[in-house]
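Below: one structure, written as structure tokens.
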Amino acid sequence: MTALNQEDLAPEEDEDYYSLLNIPRDAPQSSINDAYRRLSRLYHPDKHVVAEQKQRAEVMFGKIKTAYEVLSDPHRRAIYDSVGVAGLRTEGWQVVQRTKTPQEIRDEYEQLAREQAERRLLQRTNPKGSVTLFINATDLFCSYGDELDDDELDDWLLPQVEVTGMSFTQSIEAPLTLRDTATMSGNLSTSNGTGQGQVSCSVRRLFSDRCWAEAELGVGDGLMVSTRAFRSLGRHLHATGHGFIYLLPNGLGRVGLLGSLGCQLDRRTVGYLSYRVGRPAGVQAMVVRETEHSRQSVSLYVGVPHSYVTGSLTVTLPEADVKARLVAKGGSFGFLVECGLDKKITELSTLGATVSVGLPTGVAVKLRLSRASQTYTAHVRLSDELQASAVFYGTVVPLLAWTAVNRLLVAPYVSRRQKEEAQRRREANRERTAAKRREAEAAVSLMRETVARIRQAEELRRGLVITAAWYGRIVQAGSGDQANGGMEDLVDVTIPLQCLVTDSKLILQEGTKSHLPGFFDPAPDTEKSLQVEYLFHNARHQVTVADTDPLRIPKPSHRTES
């Protein structure tokens with residue numbers, strides 16, 4: 001085995017000092033001292049004479065000494081417990097300042113982290129955009145064919161599907177200071193051959209965590225000026241306001257004002273009361289209740305020219321990455337029912353479809369694809385009346401089409417991406433795993449003489465003798481996963497475990513075992529276990545525990561039928 005050089009060591013960003021010393025996270029100083037003395041007898045360079053062994057011991061003893069120094073210093077231990085090894089290397093604070101308590105050090109690190117996050121925020125523009133199509137497909141379900149003459153019937157036999165409108169929107173954010181953000185936005189739209197557009201700029205000022213205000217100026221077909229504000233009025237009460245003035249080129253214009261009051265009714269329920277002045281004008285009361293996987297709301301709107309009641313239910317199915325939505329609205333205008341599904345197809349992409357049926361609106365379908373901050377939507381009007389055929393083609397056909405597209409295109413694409421991502425992670429971890437393997441092998445080589453003495457003493461007293469131990473991705477027989485696992489996903493840890501035996505006892509603390517001396521992670525990003533076979537009083541025992549579970553042996557329950 002070649003000597004272990006410093007450059008052969010894996011990065012220490014995820015080093016677990018508690019696992020390295022095999023002590024609990026709340027261990028007192030006496031336990032830290034005992035663990036350090038025990039490991040020093042094994043890894044101190046002066047304990048080894050051969051040059052190659054001495055070099056390996058220097059590296060391992062350096063890791064043990066670093067862990068001891070960090071955990072023995074209450075201030076550095078507080079930093080490590082809060083943010084890990086990275087916190088010990090953070091610049092901008094006085095790590096060695098003895099006058100600060102551990103809690104003060106945690107607060108200081110959190111302040112530095114917030115400042116770094118704010119600096120990153122100033123570098124972002126957060127672009128957002130959308131493209132929307134309005135499609136008229138009512139000719140497909142026209143019911144007036146019997147009333148047409150021969151010439152008109154010939155034209156009607158070739159139904160027309162036309163794009164009646166289109167709109168584009170785009171916006172970017174430009175942080176000016178840590179409290180001020182400017183937003184530039186623009187939109188273009190066309191409907192039945194008539195187009196319009198607008199460019200606007202808004203500035204939002206964050207006065208505190210409880211209050212912000214925004215002013216917006218827009219130009220296009222006219223001049224638009226608006227303001228928005230938010231204010232928290234107490235622990236459970238907040239208010240928002242929005243006012244605007246819209247001036248047209250002919251001198252006419254519109255003025256509107258909207259005020260809303262929100263109240264936290266309980267931990268999951270919020271009530272809102274809104275009043276709107278302008279066109280349309282009205283009062284709305286709404287109650288919203290949200291749980292981990294659902295959202296329900298009920299609202300009542302009374303105004304001019306229409307009044308109505310709305311109820312909605314949204315259910316999220318995390319295991320299927322699906323969100324289902326049902327909305328029902330009824331009032332003086334008629335009624336409307338909407339059913340929709342959103343499916344997350346990749347990490348950044350979501351595909352959705354909504355069917356709406358109502359009077360006098362008819363039947364319509366909305367298809368939406370969201371990719372990161374871009375949204376593409378198609379509104380398809382199928383019928384101006386309630387027709388069974390339009391409802392059928394608006395519900396069943398999209399489901400059948402999605403099933404086919406999912407099986408033929410989406411599912412193979414997602415599966416391929418997952419395999420590529422897994423392969424990429426394996427490639428990225430290969431070099432790091434190799435370095436950890438060399439480090440573990442070097443530690444095992446330093447243990448051999450000590451383990452031989454421990455094993456001999458345990459055999460003489462018929463005590464605890466580790467006969468075989470494996471750590472990694474252990475596949476149980478008959479589980480169907482044997483093809484995905486292999487010896488490359490396991491590491492023999494018989495010697496490291498025997499080295500930890502004291503007075504015929506072995507105790508492993510809670511936490512990952514990959515940081516124990518002589519261990520390493522042979523299968524990153526997978527669930528791992530530890531399987532131990534041992535003799536106690538010359539009787540065979542066996543136990544398998546999960547990676548982070550504690551382990552205490554021997555136990556009578558581990559005894560096997562010999």
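A note on labels: chains of the structure tokens are A, B, ... as shown, every chain counts residues from 1, and ligands are counted from 1 in their shown order.
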Selection: 10 Å around Gly129 of chain A, only C-alpha atoms, excl. self and same-chain fewer than 3 positions, as a list of chain:residue names: A:Phe168, A:Thr169, A:Gln170, A:Ser171, A:Ile172, A:Ser185, A:Gly186, A:Asn187, A:Ala372, A:Ser373, A:Gln374, A:Thr375, A:Tyr376
Can I get the selection written as a JSON list (two decimals), in the first residue's frame, with all heavy atoms?
```
[["chain", "number", "residue", "atom", "x", "y", "z"],
["A", 168, "PHE", "N", -48.10, 38.88, -24.95],
["A", 168, "PHE", "CA", -46.75, 38.61, -24.48],
["A", 168, "PHE", "C", -46.46, 39.55, -23.30],
["A", 168, "PHE", "O", -46.76, 40.74, -23.37],
["A", 168, "PHE", "CB", -45.71, 38.86, -25.58],
["A", 168, "PHE", "CG", -45.93, 38.09, -26.83],
["A", 168, "PHE", "CD1", -46.76, 38.58, -27.84],
["A", 168, "PHE", "CD2", -45.33, 36.86, -27.01],
["A", 168, "PHE", "CE1", -46.96, 37.88, -29.00],
["A", 168, "PHE", "CE2", -45.52, 36.14, -28.18],
["A", 168, "PHE", "CZ", -46.35, 36.65, -29.18],
["A", 169, "THR", "N", -45.88, 39.01, -22.26],
["A", 169, "THR", "CA", -45.46, 39.84, -21.13],
["A", 169, "THR", "C", -44.04, 39.44, -20.74],
["A", 169, "THR", "O", -43.64, 38.27, -20.87],
["A", 169, "THR", "CB", -46.38, 39.68, -19.91],
["A", 169, "THR", "OG1", -46.31, 38.32, -19.44],
["A", 169, "THR", "CG2", -47.82, 40.02, -20.27],
["A", 170, "GLN", "N", -43.29, 40.42, -20.26],
["A", 170, "GLN", "CA", -41.92, 40.16, -19.82],
["A", 170, "GLN", "C", -41.58, 41.18, -18.73],
["A", 170, "GLN", "O", -41.97, 42.35, -18.81],
["A", 170, "GLN", "CB", -40.92, 40.29, -20.97],
["A", 170, "GLN", "CG", -39.49, 39.89, -20.63],
["A", 170, "GLN", "CD", -39.35, 38.38, -20.42],
["A", 170, "GLN", "OE1", -39.99, 37.60, -21.12],
["A", 170, "GLN", "NE2", -38.54, 37.99, -19.46],
["A", 171, "SER", "N", -40.85, 40.74, -17.72],
["A", 171, "SER", "CA", -40.46, 41.64, -16.64],
["A", 171, "SER", "C", -39.12, 41.21, -16.07],
["A", 171, "SER", "O", -38.76, 40.02, -16.12],
["A", 171, "SER", "CB", -41.51, 41.67, -15.53],
["A", 171, "SER", "OG", -41.56, 40.42, -14.85],
["A", 172, "ILE", "N", -38.37, 42.18, -15.55],
["A", 172, "ILE", "CA", -37.12, 41.91, -14.87],
["A", 172, "ILE", "C", -37.07, 42.77, -13.61],
["A", 172, "ILE", "O", -37.67, 43.84, -13.55],
["A", 172, "ILE", "CB", -35.89, 42.21, -15.75],
["A", 172, "ILE", "CG1", -35.88, 43.67, -16.18],
["A", 172, "ILE", "CG2", -35.83, 41.28, -16.95],
["A", 172, "ILE", "CD1", -34.59, 44.08, -16.87],
["A", 185, "SER", "N", -41.32, 46.18, -16.75],
["A", 185, "SER", "CA", -42.20, 45.20, -17.37],
["A", 185, "SER", "C", -42.81, 45.78, -18.63],
["A", 185, "SER", "O", -42.92, 47.00, -18.78],
["A", 185, "SER", "CB", -43.30, 44.76, -16.40],
["A", 185, "SER", "OG", -44.11, 45.85, -16.02],
["A", 186, "GLY", "N", -43.21, 44.89, -19.51],
["A", 186, "GLY", "CA", -43.87, 45.30, -20.75],
["A", 186, "GLY", "C", -44.80, 44.22, -21.22],
["A", 186, "GLY", "O", -44.64, 43.04, -20.91],
["A", 187, "ASN", "N", -45.82, 44.60, -21.98],
["A", 187, "ASN", "CA", -46.76, 43.62, -22.52],
["A", 187, "ASN", "C", -47.27, 44.10, -23.87],
["A", 187, "ASN", "O", -47.41, 45.30, -24.11],
["A", 187, "ASN", "CB", -47.92, 43.37, -21.56],
["A", 187, "ASN", "CG", -48.82, 44.58, -21.40],
["A", 187, "ASN", "OD1", -49.67, 44.87, -22.25],
["A", 187, "ASN", "ND2", -48.65, 45.30, -20.28],
["A", 372, "ALA", "N", -39.37, 26.97, -15.57],
["A", 372, "ALA", "CA", -38.65, 27.94, -14.75],
["A", 372, "ALA", "C", -39.55, 29.16, -14.55],
["A", 372, "ALA", "O", -40.66, 29.05, -14.02],
["A", 372, "ALA", "CB", -37.31, 28.29, -15.38],
["A", 373, "SER", "N", -39.13, 30.33, -15.01],
["A", 373, "SER", "CA", -39.92, 31.55, -14.81],
["A", 373, "SER", "C", -40.70, 31.94, -16.07],
["A", 373, "SER", "O", -41.23, 33.05, -16.15],
["A", 373, "SER", "CB", -39.01, 32.71, -14.41],
["A", 373, "SER", "OG", -38.02, 32.93, -15.41],
["A", 374, "GLN", "N", -40.80, 31.04, -17.05],
["A", 374, "GLN", "CA", -41.55, 31.31, -18.27],
["A", 374, "GLN", "C", -42.82, 30.46, -18.30],
["A", 374, "GLN", "O", -42.80, 29.29, -17.91],
["A", 374, "GLN", "CB", -40.70, 30.99, -19.51],
["A", 374, "GLN", "CG", -39.38, 31.75, -19.57],
["A", 374, "GLN", "CD", -39.59, 33.24, -19.70],
["A", 374, "GLN", "OE1", -40.40, 33.70, -20.49],
["A", 374, "GLN", "NE2", -38.84, 34.01, -18.92],
["A", 375, "THR", "N", -43.91, 31.06, -18.76],
["A", 375, "THR", "CA", -45.20, 30.37, -18.81],
["A", 375, "THR", "C", -45.80, 30.50, -20.20],
["A", 375, "THR", "O", -45.85, 31.60, -20.76],
["A", 375, "THR", "CB", -46.18, 30.96, -17.78],
["A", 375, "THR", "OG1", -45.60, 30.87, -16.47],
["A", 375, "THR", "CG2", -47.49, 30.19, -17.78],
["A", 376, "TYR", "N", -46.27, 29.38, -20.74],
["A", 376, "TYR", "CA", -46.91, 29.35, -22.05],
["A", 376, "TYR", "C", -48.33, 28.79, -21.87],
["A", 376, "TYR", "O", -48.51, 27.70, -21.34],
["A", 376, "TYR", "CB", -46.12, 28.47, -23.03],
["A", 376, "TYR", "CG", -44.66, 28.85, -23.12],
["A", 376, "TYR", "CD1", -43.72, 28.26, -22.28],
["A", 376, "TYR", "CD2", -44.24, 29.80, -24.04],
["A", 376, "TYR", "CE1", -42.38, 28.62, -22.35],
["A", 376, "TYR", "CE2", -42.90, 30.16, -24.12],
["A", 376, "TYR", "CZ", -41.98, 29.57, -23.27],
["A", 376, "TYR", "OH", -40.65, 29.93, -23.34]]
```
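Counting only C-alpha atoms, Gln284 of chain A has the following residues at most 6 Å away, ignoring those fewer than 2 positions along the same chain: Leu273, Ser274, Leu300 and Tyr301 of chain A.
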Take the residues from that selection and write them out as a PDB file, in the first residue's frame, keeping N, CA, C and O atoms.
```pdb
ATOM      1  N   LEU A 273     -61.406  40.764   3.998  1.00  0.00           N
ATOM      2  CA  LEU A 273     -62.527  41.639   3.681  1.00  0.00           C
ATOM      3  C   LEU A 273     -62.003  42.731   2.752  1.00  0.00           C
ATOM      4  O   LEU A 273     -61.094  43.477   3.124  1.00  0.00           O
ATOM      5  N   SER A 274     -62.575  42.819   1.530  1.00  0.00           N
ATOM      6  CA  SER A 274     -62.080  43.751   0.516  1.00  0.00           C
ATOM      7  C   SER A 274     -63.206  44.658   0.039  1.00  0.00           C
ATOM      8  O   SER A 274     -64.375  44.243  -0.028  1.00  0.00           O
ATOM      9  N   LEU A 300     -67.667  35.473  -0.969  1.00  0.00           N
ATOM     10  CA  LEU A 300     -68.936  36.086  -1.360  1.00  0.00           C
ATOM     11  C   LEU A 300     -68.641  37.482  -1.879  1.00  0.00           C
ATOM     12  O   LEU A 300     -68.016  38.286  -1.177  1.00  0.00           O
ATOM     13  N   TYR A 301     -69.094  37.755  -3.105  1.00  0.00           N
ATOM     14  CA  TYR A 301     -68.871  39.067  -3.721  1.00  0.00           C
ATOM     15  C   TYR A 301     -70.230  39.700  -4.013  1.00  0.00           C
ATOM     16  O   TYR A 301     -71.087  39.083  -4.661  1.00  0.00           O
TER      17      TYR A 301
END
```
Interatomic distance (Å, one decimal) between atom CA of Phe392 of chain A and atom CA of Leu326 of chain A: 17.4 Å
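When atom CA of Asn33 of chain A is paired with atom CA of Gly62 of chain A, their separation reads 15.7 Å.
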12 Å contact set for Arg453 of chain A, only C-alpha atoms, chain neighbours under 4 positions out, as a PyMOL selection string: chain A and resi 447-449+457-460+465+495+498-499+501-502
If we count only C-alpha atoms, what is near Phe207 of chain A at a cut-off of 10 Å, once residues fewer than 5 positions away on the same chain are taken out, given as a ChimeraX atom specification? /A:179-180,212-213,231
Close residues, Glu441 of chain A itself excluded, 9 Å, only C-alpha atoms, min 3 positions apart in chain, as a count of residues only: 9
Return as JSON lines the residues of segment 403-485 of chain A lying at most 10 Å from segment 534-554 of chain A, together with the closest atom-to-atom pair for each and the distance in Å to one decimal, counting only C-alpha atoms, with rows in chain order and ascending residue number.
```
{"residue": "A:Glu458", "atom": "CA", "partner": "A:Phe536", "partner_atom": "CA", "distance": 9.1}
{"residue": "A:Glu459", "atom": "CA", "partner": "A:Asn538", "partner_atom": "CA", "distance": 8.6}
{"residue": "A:Arg461", "atom": "CA", "partner": "A:His537", "partner_atom": "CA", "distance": 8.2}
{"residue": "A:Arg462", "atom": "CA", "partner": "A:His537", "partner_atom": "CA", "distance": 4.8}
{"residue": "A:Gly463", "atom": "CA", "partner": "A:Phe536", "partner_atom": "CA", "distance": 5.2}
{"residue": "A:Leu464", "atom": "CA", "partner": "A:Phe536", "partner_atom": "CA", "distance": 4.9}
{"residue": "A:Val465", "atom": "CA", "partner": "A:Leu535", "partner_atom": "CA", "distance": 5.1}
{"residue": "A:Ile466", "atom": "CA", "partner": "A:Tyr534", "partner_atom": "CA", "distance": 4.3}
{"residue": "A:Thr467", "atom": "CA", "partner": "A:Tyr534", "partner_atom": "CA", "distance": 5.0}
{"residue": "A:Ala468", "atom": "CA", "partner": "A:Tyr534", "partner_atom": "CA", "distance": 6.8}
{"residue": "A:Ala469", "atom": "CA", "partner": "A:Tyr534", "partner_atom": "CA", "distance": 8.4}
{"residue": "A:Trp470", "atom": "CA", "partner": "A:Thr544", "partner_atom": "CA", "distance": 9.4}
{"residue": "A:Tyr471", "atom": "CA", "partner": "A:Asp547", "partner_atom": "CA", "distance": 8.3}
{"residue": "A:Gly472", "atom": "CA", "partner": "A:Asp547", "partner_atom": "CA", "distance": 8.3}
{"residue": "A:Arg473", "atom": "CA", "partner": "A:Asp547", "partner_atom": "CA", "distance": 9.7}
{"residue": "A:Ile474", "atom": "CA", "partner": "A:Thr544", "partner_atom": "CA", "distance": 9.3}
```
Include all heavy atoms and write out the residues we just selected as a compact mmCIF listing (two decimals), in the first residue's frame.
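Result saved to again.txt:
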```
# COMPACT_ATOMS: atom_id res chain seq x y z
N GLU A 458 -9.75 -11.07 23.76
CA GLU A 458 -11.17 -11.42 23.79
C GLU A 458 -11.39 -12.91 23.60
O GLU A 458 -12.31 -13.49 24.19
CB GLU A 458 -11.92 -10.62 22.71
CG GLU A 458 -11.97 -9.12 22.95
CD GLU A 458 -12.81 -8.76 24.14
OE1 GLU A 458 -13.75 -9.52 24.48
OE2 GLU A 458 -12.53 -7.72 24.77
N GLU A 459 -10.58 -13.55 22.77
CA GLU A 459 -10.72 -15.00 22.56
C GLU A 459 -10.38 -15.77 23.84
O GLU A 459 -11.02 -16.78 24.16
CB GLU A 459 -9.83 -15.45 21.41
CG GLU A 459 -10.33 -15.00 20.04
CD GLU A 459 -9.36 -15.37 18.93
OE1 GLU A 459 -8.20 -15.70 19.24
OE2 GLU A 459 -9.76 -15.30 17.75
N ARG A 461 -10.80 -14.81 26.90
CA ARG A 461 -11.86 -14.64 27.90
C ARG A 461 -13.23 -15.03 27.35
O ARG A 461 -14.25 -14.80 28.01
CB ARG A 461 -11.90 -13.21 28.41
CG ARG A 461 -12.37 -12.20 27.37
CD ARG A 461 -12.54 -10.82 27.96
NE ARG A 461 -11.27 -10.19 28.27
CZ ARG A 461 -11.14 -8.90 28.61
NH1 ARG A 461 -12.22 -8.15 28.69
NH2 ARG A 461 -9.97 -8.39 28.87
N ARG A 462 -13.26 -15.59 26.11
CA ARG A 462 -14.51 -15.95 25.44
C ARG A 462 -15.43 -14.72 25.37
O ARG A 462 -16.62 -14.80 25.59
CB ARG A 462 -15.22 -17.09 26.16
CG ARG A 462 -14.42 -18.36 26.22
CD ARG A 462 -15.05 -19.43 27.07
NE ARG A 462 -16.34 -19.83 26.51
CZ ARG A 462 -17.45 -19.88 27.23
NH1 ARG A 462 -17.43 -19.51 28.50
NH2 ARG A 462 -18.58 -20.29 26.68
N GLY A 463 -14.82 -13.59 25.02
CA GLY A 463 -15.55 -12.34 24.97
C GLY A 463 -16.07 -12.02 23.58
O GLY A 463 -16.51 -12.91 22.84
N LEU A 464 -15.97 -10.76 23.20
CA LEU A 464 -16.57 -10.27 21.95
C LEU A 464 -15.52 -10.31 20.84
O LEU A 464 -14.52 -9.59 20.87
CB LEU A 464 -17.08 -8.84 22.14
CG LEU A 464 -17.72 -8.17 20.92
CD1 LEU A 464 -18.90 -8.97 20.41
CD2 LEU A 464 -18.15 -6.75 21.27
N VAL A 465 -15.79 -11.15 19.84
CA VAL A 465 -14.90 -11.30 18.68
C VAL A 465 -15.71 -11.01 17.42
O VAL A 465 -16.71 -11.70 17.14
CB VAL A 465 -14.28 -12.71 18.61
CG1 VAL A 465 -13.40 -12.84 17.37
CG2 VAL A 465 -13.48 -12.99 19.87
N ILE A 466 -15.32 -10.00 16.67
CA ILE A 466 -16.00 -9.67 15.41
C ILE A 466 -15.48 -10.61 14.33
O ILE A 466 -14.29 -10.58 13.99
CB ILE A 466 -15.74 -8.20 15.02
CG1 ILE A 466 -16.08 -7.25 16.16
CG2 ILE A 466 -16.54 -7.84 13.77
CD1 ILE A 466 -17.51 -7.26 16.59
N THR A 467 -16.35 -11.46 13.79
CA THR A 467 -15.93 -12.41 12.76
C THR A 467 -16.10 -11.85 11.35
O THR A 467 -15.34 -12.20 10.44
CB THR A 467 -16.72 -13.71 12.88
OG1 THR A 467 -18.13 -13.41 12.80
CG2 THR A 467 -16.44 -14.38 14.23
N ALA A 468 -17.08 -10.98 11.14
CA ALA A 468 -17.28 -10.36 9.82
C ALA A 468 -18.17 -9.14 10.00
O ALA A 468 -19.10 -9.14 10.81
CB ALA A 468 -17.93 -11.33 8.84
N ALA A 469 -17.86 -8.07 9.26
CA ALA A 469 -18.67 -6.84 9.32
C ALA A 469 -18.59 -6.15 7.97
O ALA A 469 -17.49 -6.01 7.39
CB ALA A 469 -18.18 -5.91 10.43
N TRP A 470 -19.76 -5.72 7.48
CA TRP A 470 -19.84 -5.05 6.18
C TRP A 470 -20.65 -3.75 6.34
O TRP A 470 -21.65 -3.73 7.03
CB TRP A 470 -20.52 -5.94 5.14
CG TRP A 470 -19.76 -7.22 4.87
CD1 TRP A 470 -19.94 -8.43 5.46
CD2 TRP A 470 -18.68 -7.38 3.94
NE1 TRP A 470 -19.05 -9.35 4.97
CE2 TRP A 470 -18.26 -8.73 4.03
CE3 TRP A 470 -18.04 -6.53 3.05
CZ2 TRP A 470 -17.23 -9.24 3.26
CZ3 TRP A 470 -17.01 -7.03 2.28
CH2 TRP A 470 -16.61 -8.36 2.38
N TYR A 471 -20.19 -2.73 5.64
CA TYR A 471 -20.88 -1.43 5.68
C TYR A 471 -21.10 -0.96 4.24
O TYR A 471 -20.20 -1.02 3.40
CB TYR A 471 -20.03 -0.40 6.43
CG TYR A 471 -20.58 1.01 6.37
CD1 TYR A 471 -21.75 1.35 7.04
CD2 TYR A 471 -19.94 1.99 5.62
CE1 TYR A 471 -22.26 2.63 6.99
CE2 TYR A 471 -20.44 3.28 5.56
CZ TYR A 471 -21.60 3.60 6.23
OH TYR A 471 -22.11 4.87 6.17
N GLY A 472 -22.32 -0.46 3.97
CA GLY A 472 -22.64 0.05 2.63
C GLY A 472 -24.06 -0.30 2.25
O GLY A 472 -24.95 -0.44 3.10
N ARG A 473 -24.25 -0.48 0.96
CA ARG A 473 -25.58 -0.80 0.43
C ARG A 473 -25.76 -2.32 0.48
O ARG A 473 -25.35 -3.03 -0.43
CB ARG A 473 -25.73 -0.28 -1.00
CG ARG A 473 -27.13 -0.45 -1.57
CD ARG A 473 -27.28 0.34 -2.87
NE ARG A 473 -28.62 0.21 -3.39
CZ ARG A 473 -28.98 -0.69 -4.31
NH1 ARG A 473 -28.08 -1.52 -4.81
NH2 ARG A 473 -30.22 -0.75 -4.76
N ILE A 474 -26.38 -2.77 1.56
CA ILE A 474 -26.58 -4.20 1.78
C ILE A 474 -27.92 -4.60 1.19
O ILE A 474 -28.97 -4.09 1.60
CB ILE A 474 -26.53 -4.53 3.28
CG1 ILE A 474 -25.15 -4.17 3.84
CG2 ILE A 474 -26.83 -6.00 3.51
CD1 ILE A 474 -25.03 -4.38 5.33
```
What are the DSSP strand (DSSP E) residues of segment 327-407 of chain A, as a ChimeraX atom specification? /A:327-331,334-344,349-359,362-371,374-383
Go ahead and write the selection's residues with C-alpha atoms as a short mmCIF file (atom, residue, chain, number, x, y, z; two decimals), in the first residue's frame.
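Final output, saved to selection23.cif:
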```
data_model
loop_
_atom_site.label_atom_id
_atom_site.label_comp_id
_atom_site.auth_asym_id
_atom_site.auth_seq_id
_atom_site.Cartn_x
_atom_site.Cartn_y
_atom_site.Cartn_z
CA VAL A 327 -63.61 25.73 -8.58
CA ALA A 328 -67.35 26.41 -8.56
CA LYS A 329 -68.90 29.88 -9.03
CA GLY A 330 -72.54 30.89 -9.18
CA GLY A 331 -74.41 34.15 -9.12
CA GLY A 334 -74.96 32.35 -14.29
CA PHE A 335 -72.64 29.60 -13.11
CA LEU A 336 -69.13 28.28 -13.86
CA VAL A 337 -67.33 25.06 -12.87
CA GLU A 338 -63.61 24.52 -13.45
CA CYS A 339 -61.59 21.31 -13.02
CA GLY A 340 -57.82 21.29 -13.44
CA LEU A 341 -54.69 19.16 -13.00
CA ASP A 342 -51.05 20.25 -12.77
CA LYS A 343 -48.30 17.68 -13.19
CA LYS A 344 -44.65 18.32 -12.40
CA SER A 349 -41.24 22.15 -15.68
CA THR A 350 -44.96 21.82 -14.92
CA LEU A 351 -47.75 20.90 -17.33
CA GLY A 352 -51.36 21.80 -16.54
CA ALA A 353 -54.84 21.58 -18.04
CA THR A 354 -58.12 23.14 -16.91
CA VAL A 355 -61.64 22.56 -18.24
CA SER A 356 -64.36 25.15 -17.58
CA VAL A 357 -68.08 24.62 -18.10
CA GLY A 358 -70.69 27.29 -17.48
CA LEU A 359 -73.59 29.47 -18.52
CA GLY A 362 -69.96 27.64 -22.61
CA VAL A 363 -67.09 25.14 -22.64
CA ALA A 364 -63.40 26.03 -22.75
CA VAL A 365 -60.02 24.38 -22.15
CA LYS A 366 -56.83 26.01 -20.87
CA LEU A 367 -53.44 24.33 -21.41
CA ARG A 368 -50.39 25.64 -19.60
CA LEU A 369 -46.68 24.80 -19.64
CA SER A 370 -44.41 26.41 -17.05
CA ARG A 371 -40.67 26.22 -17.49
CA GLN A 374 -41.55 31.31 -18.27
CA THR A 375 -45.20 30.37 -18.81
CA TYR A 376 -46.91 29.35 -22.05
CA THR A 377 -50.72 29.22 -22.06
CA ALA A 378 -53.37 28.37 -24.65
CA HIS A 379 -57.04 29.28 -24.05
CA VAL A 380 -59.22 27.16 -26.36
CA ARG A 381 -62.93 27.98 -26.57
CA LEU A 382 -64.77 24.83 -27.63
CA SER A 383 -68.42 25.92 -27.49
#
```
Could you give me, as a PyMOL selection string, the residues within 7 Å of Cys211 of chain A, counting only C-alpha atoms and dropping anything in the same chain fewer than 2 positions from it? chain A and resi 206-209+230-232
Can you write out the residues you just picked, keeping C-alpha atoms, as a PDB file, in the first residue's frame?
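Result saved to result.pdb:
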```
ATOM      1  CA  LEU A 206     -39.216  47.812   2.074  1.00  0.00           C
ATOM      2  CA  PHE A 207     -39.512  49.995   5.169  1.00  0.00           C
ATOM      3  CA  SER A 208     -39.438  47.052   7.591  1.00  0.00           C
ATOM      4  CA  ASP A 209     -40.550  43.458   7.894  1.00  0.00           C
ATOM      5  CA  PHE A 230     -48.819  46.695   2.777  1.00  0.00           C
ATOM      6  CA  ARG A 231     -48.880  47.174   6.533  1.00  0.00           C
ATOM      7  CA  SER A 232     -48.991  44.694   9.390  1.00  0.00           C
TER       8      SER A 232
END
```
